[in-house]
>>> print(open('query09.tsv').read())   # TSV, N, CA and C atoms
chain	number	residue	atom	x	y	z
A	653	MET	N	229.39	26.28	129.97
A	653	MET	CA	230.52	26.08	129.08
A	653	MET	C	231.12	24.70	129.39
A	654	THR	N	231.37	23.93	128.34
A	654	THR	CA	232.02	22.63	128.53
A	654	THR	C	233.51	22.83	128.82
A	655	ASN	N	234.16	21.78	129.30
A	655	ASN	CA	235.60	21.88	129.55
A	655	ASN	C	236.37	22.08	128.24
A	656	ALA	N	235.91	21.48	127.14
A	656	ALA	CA	236.58	21.69	125.85
A	656	ALA	C	236.47	23.15	125.43
A	657	GLU	N	235.30	23.76	125.62
A	657	GLU	CA	235.13	25.18	125.31
A	657	GLU	C	236.01	26.04	126.22
A	658	PHE	N	236.10	25.64	127.48
A	658	PHE	CA	236.95	26.36	128.43
A	658	PHE	C	238.41	26.28	127.98
A	659	ALA	N	238.84	25.11	127.52
A	659	ALA	CA	240.21	24.94	127.04
A	659	ALA	C	240.48	25.84	125.83
A	660	ARG	N	239.51	25.97	124.95
A	660	ARG	CA	239.66	26.86	123.78
A	660	ARG	C	239.73	28.33	124.21
A	661	THR	N	238.99	28.68	125.26
A	661	THR	CA	239.07	30.04	125.80
A	661	THR	C	240.48	30.32	126.30
A	662	TYR	N	241.06	29.35	127.01
A	662	TYR	CA	242.44	29.46	127.48
A	662	TYR	C	243.39	29.64	126.30
A	663	LEU	N	243.25	28.79	125.28
A	663	LEU	CA	244.14	28.87	124.12
A	663	LEU	C	244.00	30.20	123.41
A	664	ASP	N	242.79	30.69	123.23
A	664	ASP	CA	242.58	31.99	122.58
A	664	ASP	C	243.27	33.10	123.36
A	665	ALA	N	243.20	33.04	124.69
A	665	ALA	CA	243.85	34.07	125.52
A	665	ALA	C	245.37	33.99	125.39
A	666	VAL	N	245.92	32.77	125.31
A	666	VAL	CA	247.37	32.60	125.12
A	666	VAL	C	247.79	33.21	123.79
A	667	VAL	N	247.10	32.85	122.71
A	667	VAL	CA	247.47	33.34	121.38
A	667	VAL	C	247.33	34.86	121.29
A	668	ALA	N	246.33	35.41	121.97
A	668	ALA	CA	246.13	36.87	121.97
A	668	ALA	C	247.11	37.57	122.89
A	669	ARG	N	247.89	36.80	123.62
A	669	ARG	CA	248.82	37.34	124.62
A	669	ARG	C	248.08	38.20	125.65
A	670	ASP	N	246.90	37.75	126.00
A	670	ASP	CA	246.09	38.40	127.03
A	670	ASP	C	246.45	37.74	128.37
A	671	TYR	N	247.59	38.13	128.91
A	671	TYR	CA	248.15	37.46	130.08
A	671	TYR	C	247.26	37.56	131.31
A	672	GLU	N	246.57	38.68	131.47
A	672	GLU	CA	245.66	38.81	132.62
A	672	GLU	C	244.53	37.79	132.52
A	673	HIS	N	244.00	37.60	131.30
A	673	HIS	CA	242.93	36.62	131.12
A	673	HIS	C	243.46	35.21	131.37
A	674	VAL	N	244.62	34.90	130.81
A	674	VAL	CA	245.22	33.57	131.04
A	674	VAL	C	245.34	33.32	132.54
A	675	GLU	N	245.93	34.26	133.24
A	675	GLU	CA	246.14	34.08	134.68
A	675	GLU	C	244.82	33.94	135.43
A	676	SER	N	243.77	34.62	134.98
A	676	SER	CA	242.48	34.52	135.65
A	676	SER	C	241.84	33.15	135.49
A	677	LEU	N	242.29	32.38	134.50
A	677	LEU	CA	241.76	31.04	134.27
A	677	LEU	C	242.47	29.98	135.09
A	678	LEU	N	243.58	30.34	135.73
A	678	LEU	CA	244.38	29.39	136.51
A	678	LEU	C	243.98	29.41	137.97
A	679	ALA	N	243.91	28.23	138.56
A	679	ALA	CA	243.63	28.12	140.00
A	679	ALA	C	244.82	28.62	140.79
A	680	ASP	N	244.56	29.00	142.04
A	680	ASP	CA	245.63	29.50	142.91
A	680	ASP	C	246.74	28.47	143.10
A	681	ASP	N	246.37	27.18	143.13
A	681	ASP	CA	247.36	26.12	143.33
A	681	ASP	C	247.74	25.44	142.01
A	682	PHE	N	247.63	26.18	140.90
A	682	PHE	CA	247.95	25.67	139.56
A	682	PHE	C	249.35	25.07	139.50
A	683	ARG	N	249.48	23.99	138.69
A	683	ARG	CA	250.76	23.34	138.46
A	683	ARG	C	250.89	23.04	136.96
A	684	LEU	N	252.04	23.36	136.39
A	684	LEU	CA	252.37	23.04	135.00
A	684	LEU	C	253.51	22.04	135.02
A	685	ARG	N	253.31	20.92	134.34
A	685	ARG	CA	254.41	19.98	134.09
A	685	ARG	C	254.60	19.95	132.59
A	686	ASP	N	255.83	20.28	132.16
A	686	ASP	CA	256.12	20.49	130.75
A	686	ASP	C	257.30	19.63	130.32
A	687	LEU	N	257.12	18.91	129.22
A	687	LEU	CA	258.21	18.18	128.61
A	687	LEU	C	258.42	18.77	127.22
A	688	SER	N	259.49	19.52	127.05
A	688	SER	CA	259.82	20.13	125.77
A	688	SER	C	261.33	20.36	125.74
A	689	PRO	N	261.87	20.51	124.53
A	689	PRO	CA	263.30	20.78	124.50
A	689	PRO	C	263.62	22.00	125.35
A	690	PRO	N	264.53	21.95	126.27
A	690	PRO	CA	265.56	20.94	126.48
A	690	PRO	C	265.26	19.88	127.53
A	691	GLY	N	264.06	19.82	128.12
A	691	GLY	CA	263.80	18.78	129.11
A	691	GLY	C	262.52	19.02	129.88
A	692	PHE	N	262.45	18.44	131.08
A	692	PHE	CA	261.25	18.47	131.91
A	692	PHE	C	261.32	19.60	132.92
A	693	THR	N	260.20	20.31	133.10
A	693	THR	CA	260.08	21.32	134.15
A	693	THR	C	258.73	21.17	134.83
A	694	GLU	N	258.68	21.56	136.09
A	694	GLU	CA	257.42	21.63	136.83
A	694	GLU	C	257.37	23.00	137.50
A	695	LEU	N	256.28	23.74	137.23
A	695	LEU	CA	256.20	25.14	137.65
A	695	LEU	C	254.88	25.46	138.32
A	696	ASP	N	254.89	26.48	139.18
A	696	ASP	CA	253.65	27.00	139.74
A	696	ASP	C	253.11	28.08	138.80
A	697	ALA	N	251.96	28.66	139.16
A	697	ALA	CA	251.29	29.63	138.28
A	697	ALA	C	252.15	30.85	137.99
A	698	GLY	N	252.76	31.43	139.02
A	698	GLY	CA	253.56	32.64	138.83
A	698	GLY	C	254.74	32.41	137.90
A	699	THR	N	255.46	31.33	138.12
A	699	THR	CA	256.62	31.02	137.29
A	699	THR	C	256.19	30.66	135.87
A	700	ALA	N	255.08	29.95	135.74
A	700	ALA	CA	254.57	29.59	134.41
A	700	ALA	C	254.18	30.85	133.63
A	701	MET	N	253.53	31.80	134.28
A	701	MET	CA	253.13	33.04	133.61
A	701	MET	C	254.35	33.86	133.19
A	702	THR	N	255.37	33.92	134.04
A	702	THR	CA	256.60	34.63	133.68
A	702	THR	C	257.22	34.00	132.44
A	703	GLY	N	257.28	32.67	132.40
A	703	GLY	CA	257.84	31.96	131.25
A	703	GLY	C	257.02	32.17	130.00
A	704	LEU	N	255.69	32.16	130.12
A	704	LEU	CA	254.82	32.37	128.97
A	704	LEU	C	255.04	33.76	128.37
A	705	ARG	N	255.10	34.77	129.22
A	705	ARG	CA	255.35	36.14	128.74
A	705	ARG	C	256.70	36.23	128.04
A	706	LYS	N	257.73	35.67	128.66
A	706	LYS	CA	259.08	35.73	128.09
A	706	LYS	C	259.10	35.05	126.72
A	707	LEU	N	258.44	33.92	126.61
A	707	LEU	CA	258.41	33.17	125.36
A	707	LEU	C	257.67	33.95	124.28
A	708	LEU	N	256.43	34.31	124.52
A	708	LEU	CA	255.60	34.91	123.48
A	708	LEU	C	256.02	36.33	123.12
A	709	ASP	N	256.54	37.08	124.08
A	709	ASP	CA	256.90	38.47	123.80
A	709	ASP	C	258.13	38.64	122.93
A	710	MET	N	258.85	37.55	122.67
A	710	MET	CA	260.01	37.69	121.79
A	710	MET	C	259.60	37.62	120.31
A	711	PHE	N	258.31	37.40	120.05
A	711	PHE	CA	257.83	37.29	118.67
A	711	PHE	C	257.01	38.50	118.27
A	712	ASP	N	257.12	38.88	116.99
A	712	ASP	CA	256.29	39.96	116.45
A	712	ASP	C	254.84	39.51	116.33
A	713	THR	N	254.64	38.27	115.88
A	713	THR	CA	253.29	37.75	115.73
A	713	THR	C	253.20	36.33	116.28
A	714	VAL	N	252.02	36.00	116.76
A	714	VAL	CA	251.68	34.65	117.22
A	714	VAL	C	250.33	34.33	116.60
A	715	ARG	N	250.25	33.21	115.88
A	715	ARG	CA	249.01	32.86	115.19
A	715	ARG	C	248.69	31.39	115.39
A	716	LEU	N	247.44	31.11	115.69
A	716	LEU	CA	246.97	29.73	115.81
A	716	LEU	C	246.75	29.17	114.42
A	717	VAL	N	247.39	28.04	114.11
A	717	VAL	CA	247.24	27.41	112.80
A	717	VAL	C	246.14	26.36	112.85
A	718	ASP	N	246.13	25.56	113.92
A	718	ASP	CA	245.19	24.44	114.01
A	718	ASP	C	245.09	24.03	115.47
A	719	SER	N	243.92	23.51	115.87
A	719	SER	CA	243.78	23.03	117.25
A	719	SER	C	242.65	22.01	117.35
A	720	ASP	N	242.70	21.23	118.41
A	720	ASP	CA	241.66	20.29	118.79
A	720	ASP	C	241.47	20.41	120.29
A	721	ALA	N	240.25	20.18	120.75
A	721	ALA	CA	239.99	20.14	122.18
A	721	ALA	C	238.83	19.18	122.42
A	722	TYR	N	239.03	18.24	123.33
A	722	TYR	CA	237.96	17.31	123.69
A	722	TYR	C	238.28	16.69	125.04
A	723	GLU	N	237.24	16.14	125.65
A	723	GLU	CA	237.38	15.57	126.98
A	723	GLU	C	237.74	14.09	126.89
A	724	ILE	N	238.66	13.68	127.77
A	724	ILE	CA	239.07	12.29	127.92
A	724	ILE	C	238.98	11.98	129.41
A	725	GLY	N	237.96	11.27	129.81
A	725	GLY	CA	237.82	10.97	131.23
A	725	GLY	C	237.71	12.24	132.04
A	726	ASN	N	238.59	12.39	133.02
A	726	ASN	CA	238.53	13.55	133.90
A	726	ASN	C	239.48	14.68	133.49
A	727	VAL	N	240.06	14.62	132.29
A	727	VAL	CA	240.92	15.68	131.79
A	727	VAL	C	240.42	16.15	130.42
A	728	THR	N	240.92	17.29	129.99
A	728	THR	CA	240.58	17.84	128.69
A	728	THR	C	241.85	17.90	127.85
A	729	TYR	N	241.79	17.27	126.68
A	729	TYR	CA	242.92	17.28	125.75
A	729	TYR	C	242.84	18.54	124.90
A	730	LEU	N	243.98	19.21	124.76
A	730	LEU	CA	244.07	20.41	123.92
A	730	LEU	C	245.35	20.32	123.11
A	731	ARG	N	245.20	20.33	121.78
A	731	ARG	CA	246.36	20.35	120.89
A	731	ARG	C	246.34	21.66	120.14
A	732	ALA	N	247.52	22.27	120.02
A	732	ALA	CA	247.62	23.54	119.31
A	732	ALA	C	248.88	23.57	118.46
A	733	ARG	N	248.73	23.94	117.21
A	733	ARG	CA	249.87	24.20	116.32
A	733	ARG	C	249.91	25.71	116.12
A	734	LEU	N	251.05	26.31	116.46
A	734	LEU	CA	251.20	27.76	116.44
A	734	LEU	C	252.29	28.20	115.46
A	735	HIS	N	252.07	29.34	114.85
A	735	HIS	CA	253.03	29.95	113.93
A	735	HIS	C	253.50	31.26	114.56
A	736	PHE	N	254.78	31.51	114.51
A	736	PHE	CA	255.38	32.70	115.11
A	736	PHE	C	256.27	33.38	114.07
A	737	VAL	N	256.43	34.69	114.22
A	737	VAL	CA	257.44	35.42	113.43
A	737	VAL	C	258.34	36.14	114.42
A	738	HIS	N	259.62	35.78	114.38
A	738	HIS	CA	260.64	36.40	115.23
A	738	HIS	C	261.26	37.55	114.43
A	739	PRO	N	261.56	38.68	115.07
A	739	PRO	CA	262.05	39.84	114.32
A	739	PRO	C	263.38	39.59	113.60
A	740	GLU	N	264.22	38.70	114.12
A	740	GLU	CA	265.49	38.43	113.46
A	740	GLU	C	265.58	37.04	112.84
A	741	GLN	N	264.96	36.06	113.49
A	741	GLN	CA	265.09	34.68	113.03
A	741	GLN	C	264.00	34.24	112.08
A	742	GLY	N	262.98	35.06	111.90
A	742	GLY	CA	261.92	34.75	110.95
A	742	GLY	C	260.87	33.80	111.50
A	743	GLU	N	260.30	33.01	110.59
A	743	GLU	CA	259.19	32.14	110.94
A	743	GLU	C	259.63	30.93	111.77
A	744	ARG	N	258.77	30.59	112.71
A	744	ARG	CA	258.94	29.39	113.52
A	744	ARG	C	257.56	28.81	113.78
A	745	MET	N	257.53	27.52	114.05
A	745	MET	CA	256.29	26.86	114.43
A	745	MET	C	256.57	25.94	115.60
A	746	LEU	N	255.50	25.56	116.29
A	746	LEU	CA	255.59	24.50	117.29
A	746	LEU	C	254.22	23.88	117.44
A	747	GLU	N	254.21	22.68	117.98
A	747	GLU	CA	252.96	22.02	118.31
A	747	GLU	C	253.02	21.59	119.75
A	748	GLN	N	251.93	21.83	120.47
A	748	GLN	CA	251.84	21.45	121.87
A	748	GLN	C	250.62	20.56	122.09
A	749	HIS	N	250.79	19.61	122.98
A	749	HIS	CA	249.72	18.72	123.41
A	749	HIS	C	249.57	18.91	124.91
A	750	HIS	N	248.35	19.25	125.34
A	750	HIS	CA	248.08	19.55	126.74
A	750	HIS	C	247.01	18.61	127.28
A	751	LEU	N	247.16	18.21	128.52
A	751	LEU	CA	246.08	17.60	129.28
A	751	LEU	C	245.75	18.58	130.40
A	752	LEU	N	244.57	19.16	130.34
A	752	LEU	CA	244.15	20.16	131.33
A	752	LEU	C	243.24	19.50	132.36
A	753	THR	N	243.53	19.76	133.62
A	753	THR	CA	242.62	19.39	134.70
A	753	THR	C	241.87	20.65	135.07
A	754	ILE	N	240.55	20.59	134.95
A	754	ILE	CA	239.70	21.77	135.18
A	754	ILE	C	238.73	21.46	136.30
A	755	ALA	N	238.67	22.35	137.28
A	755	ALA	CA	237.73	22.20	138.40
A	755	ALA	C	237.22	23.58	138.79
A	756	ASP	N	235.92	23.69	139.00
A	756	ASP	CA	235.31	24.95	139.44
A	756	ASP	C	235.67	26.11	138.52
A	757	ASP	N	235.62	25.86	137.21
A	757	ASP	CA	235.91	26.88	136.20
A	757	ASP	C	237.30	27.49	136.32
A	758	ARG	N	238.26	26.69	136.74
A	758	ARG	CA	239.67	27.11	136.78
A	758	ARG	C	240.53	25.92	136.35
A	759	ILE	N	241.65	26.21	135.74
A	759	ILE	CA	242.60	25.17	135.36
A	759	ILE	C	243.50	24.91	136.56
A	760	THR	N	243.47	23.70	137.09
A	760	THR	CA	244.28	23.38	138.26
A	760	THR	C	245.63	22.79	137.86
A	761	ALA	N	245.69	22.19	136.66
A	761	ALA	CA	246.95	21.59	136.21
A	761	ALA	C	246.96	21.46	134.69
A	762	ILE	N	248.17	21.57	134.15
A	762	ILE	CA	248.39	21.28	132.73
A	762	ILE	C	249.62	20.38	132.65
A	763	ASP	N	249.44	19.24	131.98
A	763	ASP	CA	250.56	18.38	131.62
A	763	ASP	C	250.76	18.58	130.13
A	764	GLU	N	251.96	18.99	129.73
A	764	GLU	CA	252.19	19.49	128.38
A	764	GLU	C	253.38	18.80	127.73
A	765	LEU	N	253.22	18.48	126.46
A	765	LEU	CA	254.30	17.97	125.62
A	765	LEU	C	254.44	18.92	124.45
A	766	CYS	N	255.65	19.41	124.20
A	766	CYS	CA	255.89	20.41	123.17
A	766	CYS	C	256.99	19.95	122.22
A	767	THR	N	256.81	20.20	120.93
A	767	THR	CA	257.82	19.81	119.95
A	767	THR	C	259.06	20.66	120.01
A	768	GLY	N	258.95	21.87	120.55
A	768	GLY	CA	260.01	22.86	120.41
A	768	GLY	C	259.82	23.55	119.07
A	769	PHE	N	260.58	24.60	118.83
A	769	PHE	CA	260.43	25.39	117.61
A	769	PHE	C	261.09	24.71	116.43
A	770	PHE	N	260.44	24.83	115.28
A	770	PHE	CA	261.01	24.34	114.02
A	770	PHE	C	260.68	25.33	112.92
A	771	VAL	N	261.45	25.30	111.85
A	771	VAL	CA	261.24	26.19	110.69
A	771	VAL	C	260.19	25.52	109.80
A	772	PRO	N	259.14	26.26	109.44
A	772	PRO	CA	258.08	25.65	108.60
A	772	PRO	C	258.57	25.37	107.19
>>> encode(input="query09.tsv", output="C-alpha cells")
Amino acid sequence: MTNAEFARTYLDAVVARDYEHVESLLADDFRLRDLSPPGFTELDAGTAMTGLRKLLDMFDTVRLVDSDAYEIGNVTYLRARLHFVHPEQGERMLEQHHLLTIADDRITAIDELCTGFFVP
C-alpha cells in the first residue's frame, strides 16, 4: 500500500467514525499539530482521539464530499472536504489540509490546517 492509499484508509476510518481503526493507524508517539479556529493546538494520540470523538459524535451524519491524497517528499498530503448534519444547527461543512508523516505503516504525525465550520 502506498502512503497516499494509507492516508485514504485513515480518512475513510475518520468519516466512518471507526475510532478503533483510526487509533490503530497512529503510532504510539503520534503528534497532532492543528491550526483551526480558534487557534493552534498540539496534542498526543490519546488527546487527539478524545477530541475527534467529541467533534464527530455531535453530528447525525458525516459525509466525505471531496478529497485528494498524494506524496510530497517525505510527507503525504491529504485534503478532505466534509459535510455534516447537526441535530439542531443543521448542515455544516469544513475543509482540512493534512501533512501526514508515515513510518512503518503507522502515522507518526499530522500537521493540519482547518477552515472551521461554515454553512454550505
>>> closest_residue(input="query09.tsv", among="A:Val714, A:Leu678, A:Ile759, A:Leu751", to="Leu730 of chain A", atoms="all atoms listed in the file")
A:Leu751
>>> select_by_dssp(input="query09.tsv", residues="chain A", states="helix (DSSP H, G or I)", output="number ranges by chain")
A: 655-667, 671-676, 697-708
>>> atom_distance(input="query09.tsv", atom1="atom CA of Thr728 of chain A", atom2="atom CA of Lys706 of chain A")
25.7 Å
>>> atom_distance(input="query09.tsv", atom1="atom CA of Leu684 of chain A", atom2="atom CA of Glu740 of chain A")
29.5 Å
>>> select_by_dssp(input="query09.tsv", residues="chain A", states="strand (DSSP E or B)", output="MDAnalysis selection string")
chainID A and resid 678:688 691:696 713:724 727:738 742:755 758:766 770
>>> closest_residue(input="query09.tsv", among="A:Val737, A:Leu752, A:Pro689, A:Tyr662", to="Phe769 of chain A", atoms="all atoms listed in the file")
A:Pro689
>>> residues_around(input="query09.tsv", residues="Glu723 of chain A", least_positions_apart="6", cutoff="12 Å", atoms="only C-alpha atoms", output="ChimeraX atom specification")
/A:654-660,729-731,750-754
>>> atom_distance(input="query09.tsv", atom1="atom CA of Asp686 of chain A", atom2="atom CA of Gly742 of chain A")
25.1 Å
>>> axis_aligned_box(input="query09.tsv", around="segment 681-695 of chain A", padding_each_side="8 Å", output="JSON")
{"center_x": 256.0, "center_y": 22.7, "center_z": 133.9, "size_x": 35.2, "size_y": 25.0, "size_z": 34.8}
>>> closest_residue(input="query09.tsv", among="A:Val727, A:Met701, A:Ala761, A:Val667", to="Arg685 of chain A", atoms="only N, CA and C atoms")
A:Ala761
>>> residues_around(input="query09.tsv", residues="Leu734 of chain A", least_positions_apart="3", cutoff="7 Å", atoms="only N, CA and C atoms", output="number ranges by chain")
A: 714-718, 744-748
>>> closest_residue(input="query09.tsv", among="A:Thr713, A:Thr702, A:Ser719, A:Ser688", to="Asp664 of chain A", atoms="only C-alpha atoms")
A:Ser719
>>> closest_residue(input="query09.tsv", among="A:Ala721, A:Leu765, A:Ala679, A:Ala697", to="Leu663 of chain A", atoms="only C-alpha atoms")
A:Ala721
